[in-house]
Amino acid sequence: MLEKDFDPENFGIYDGICETIVTTCKGWTPNAAPMGIIRRKDKLYLRLFKGSATYENVLAEKSLVANITHDPMLFALSTFTNLDDSAFEQTVYENNTIYPLKEAESWVAFECINTKITSEALVAELVPVHAHMNECRIKAPNRGFYAVIEACIHATRYQLTGEEKYLKLIKAYGEIVEKCGGDAEKDAFKKVYEFL
Ligand SMILES: Cc1cc2nc3c(=O)[nH]c(=O)nc-3n(C[C@H](O)[C@H](O)[C@H](O)COP(=O)(O)O)c2cc1C
């Protein structure tokens with residue numbers, strides 16, 4: 001258990017919705033998907049819509065790891081596929097096996113409590129139980145990175161609904177990626193297009 005004065009900000013989790021890659025597991029099989037960790041003052045939550053592997057794993061295991069990363073390709077790949085097993089690290093704490101991402105800048109393992117289930121989603125409160133900081137470099141905000149994140153979100157909506165408006169939005173974010181992104185953002189955006 002983490003001590004009482006654990007500060008999520010030391011691991012990159014600030015007020016608002018933090019876009020992370022959540023890793024969970026089913027038996028020995030790890031899974032990764034982008035998910036928003038919601039922080040309102042000192043409370044942390046997660047809202048998972050029905051239908052994802054993450055939803056099923058959290059319901060069964062009541063635990064997850066939120067990985068902080070600025071790697072656009074990790075966001076693109078984990079939105080549409082599962083990551084290769086080699087992307088995960090296996091760590092044991094207090095007899096629990098967890099699967100953070102090797103390339104995460106930091107990660108926080110959470111226990112999920114007070115889970116509320118509706119017809120569409122579950123909302124769970126998150127209690128931090130273990131955290132780790134890898135070496136990370138300072139990085140100025142790059143609009144291309146955030147445009148890849150937005151494109152991934154609209155791509156999941158497009159896949160769900162088939163509505164043309166999402167394709168238009170993805171195209172507009174593609175223009176920002178072209179203008180502001182580096183090679184990593186451009187490659188990740190191409191990957192998003194491949195999955196449409
Ligand atoms: C940046 C980003 C944030 C997302 N946040 C959430 C979220 O908070 N809750 C949710 O249910 N889905 C969210 N999604 C959608 C899931 O990542 C997506 O449905 C994914 O395919 C689920 O993968 P899984 O089946 O491996 O869990 C998000 C997607 C992106 C790109």
# chains A, B, ... in the order shown; residues from 1 in each chain; ligands from 1
>>> select_by_dssp(residues="chain A", states="helix (DSSP H, G or I)", output="PyMOL selection string")
chain A and resi 8-11+53-61+72-80+85-87+143-161+164-180+183-194
>>> write_last_selection(atoms="C-alpha atoms", output="mmCIF file, in the first residue's frame")
data_model
loop_
_atom_site.group_PDB
_atom_site.id
_atom_site.type_symbol
_atom_site.label_atom_id
_atom_site.label_comp_id
_atom_site.auth_asym_id
_atom_site.auth_seq_id
_atom_site.Cartn_x
_atom_site.Cartn_y
_atom_site.Cartn_z
ATOM 1 C CA PRO A 8 -0.459 11.556 -8.051
ATOM 2 C CA GLU A 9 1.139 14.695 -9.560
ATOM 3 C CA ASN A 10 4.579 13.231 -8.894
ATOM 4 C CA PHE A 11 3.622 10.528 -11.421
ATOM 5 C CA ALA A 53 -11.537 -6.061 -22.839
ATOM 6 C CA THR A 54 -10.521 -3.469 -20.226
ATOM 7 C CA TYR A 55 -14.123 -3.324 -18.962
ATOM 8 C CA GLU A 56 -14.231 -7.121 -18.544
ATOM 9 C CA ASN A 57 -10.798 -7.293 -16.901
ATOM 10 C CA VAL A 58 -11.519 -4.505 -14.417
ATOM 11 C CA LEU A 59 -14.848 -6.080 -13.532
ATOM 12 C CA ALA A 60 -13.123 -9.413 -12.869
ATOM 13 C CA GLU A 61 -9.826 -8.316 -11.294
ATOM 14 C CA PRO A 72 1.886 8.467 -30.110
ATOM 15 C CA MET A 73 2.385 5.005 -31.638
ATOM 16 C CA LEU A 74 1.511 3.335 -28.310
ATOM 17 C CA PHE A 75 -1.778 5.275 -28.330
ATOM 18 C CA ALA A 76 -2.529 4.379 -31.960
ATOM 19 C CA LEU A 77 -1.692 0.676 -31.624
ATOM 20 C CA SER A 78 -3.388 0.106 -28.275
ATOM 21 C CA THR A 79 -6.592 1.805 -29.463
ATOM 22 C CA PHE A 80 -7.146 -0.708 -32.257
ATOM 23 C CA ASP A 85 3.601 -9.182 -25.238
ATOM 24 C CA SER A 86 7.120 -7.740 -25.403
ATOM 25 C CA ALA A 87 5.679 -4.248 -24.693
ATOM 26 C CA ARG A 143 0.199 19.820 -31.163
ATOM 27 C CA GLY A 144 0.830 16.855 -33.426
ATOM 28 C CA PHE A 145 0.836 14.503 -30.423
ATOM 29 C CA TYR A 146 -2.519 15.804 -29.157
ATOM 30 C CA ALA A 147 -3.906 15.651 -32.694
ATOM 31 C CA VAL A 148 -3.021 11.922 -32.829
ATOM 32 C CA ILE A 149 -4.891 11.407 -29.535
ATOM 33 C CA GLU A 150 -7.941 13.273 -30.906
ATOM 34 C CA ALA A 151 -7.785 11.266 -34.133
ATOM 35 C CA CYS A 152 -7.718 7.995 -32.141
ATOM 36 C CA ILE A 153 -10.806 9.076 -30.191
ATOM 37 C CA HIS A 154 -12.729 10.047 -33.342
ATOM 38 C CA ALA A 155 -11.614 6.821 -35.017
ATOM 39 C CA THR A 156 -13.151 4.742 -32.205
ATOM 40 C CA ARG A 157 -16.380 6.760 -32.624
ATOM 41 C CA TYR A 158 -16.256 6.236 -36.394
ATOM 42 C CA GLN A 159 -15.846 2.500 -35.898
ATOM 43 C CA LEU A 160 -18.864 2.462 -33.573
ATOM 44 C CA THR A 161 -21.216 4.611 -35.649
ATOM 45 C CA GLU A 164 -18.994 10.551 -41.882
ATOM 46 C CA LYS A 165 -18.469 13.554 -39.562
ATOM 47 C CA TYR A 166 -15.774 11.625 -37.675
ATOM 48 C CA LEU A 167 -13.794 11.053 -40.873
ATOM 49 C CA LYS A 168 -13.841 14.819 -41.499
ATOM 50 C CA LEU A 169 -12.542 15.475 -37.984
ATOM 51 C CA ILE A 170 -9.794 12.874 -38.376
ATOM 52 C CA LYS A 171 -8.739 14.528 -41.650
ATOM 53 C CA ALA A 172 -8.567 17.933 -39.928
ATOM 54 C CA TYR A 173 -6.387 16.512 -37.152
ATOM 55 C CA GLY A 174 -4.224 14.914 -39.842
ATOM 56 C CA GLU A 175 -3.442 18.404 -41.143
ATOM 57 C CA ILE A 176 -2.191 19.421 -37.684
ATOM 58 C CA VAL A 177 -0.079 16.266 -37.478
ATOM 59 C CA GLU A 178 1.459 17.100 -40.887
ATOM 60 C CA LYS A 179 2.190 20.675 -39.834
ATOM 61 C CA CYS A 180 3.353 20.209 -36.237
ATOM 62 C CA ASP A 183 8.127 11.448 -37.531
ATOM 63 C CA ALA A 184 6.704 9.618 -34.490
ATOM 64 C CA GLU A 185 3.392 11.520 -34.738
ATOM 65 C CA LYS A 186 3.229 11.144 -38.535
ATOM 66 C CA ASP A 187 3.843 7.376 -38.363
ATOM 67 C CA ALA A 188 1.236 6.994 -35.604
ATOM 68 C CA PHE A 189 -1.330 8.977 -37.609
ATOM 69 C CA LYS A 190 -0.719 6.744 -40.661
ATOM 70 C CA LYS A 191 -1.379 3.759 -38.404
ATOM 71 C CA VAL A 192 -4.709 5.275 -37.281
ATOM 72 C CA TYR A 193 -5.741 5.589 -40.963
ATOM 73 C CA GLU A 194 -4.833 1.949 -41.620
#
>>> residues_around(residues="Pro34 (chain A)", least_positions_apart="4", cutoff="6 Å", atoms="only C-alpha atoms", output="list of chain:residue names")
A:Thr20, A:Ile21, A:Val22
>>> closest_residue(among="A:Val127, A:Leu44, A:Leu64, A:Ala140", to="Asn31 (chain A)", atoms="only C-alpha atoms")
A:Leu64
>>> closest_residue(among="A:Ser119, A:Ser106, A:Asn114, A:Asn134", to="Leu46 (chain A)", atoms="only C-alpha atoms")
A:Asn114
>>> closest_residue(among="A:Asn96, A:Ser52, A:Asn67, A:Thr115", to="ligand 1", atoms="only C-alpha atoms and all ligand atoms")
A:Ser52
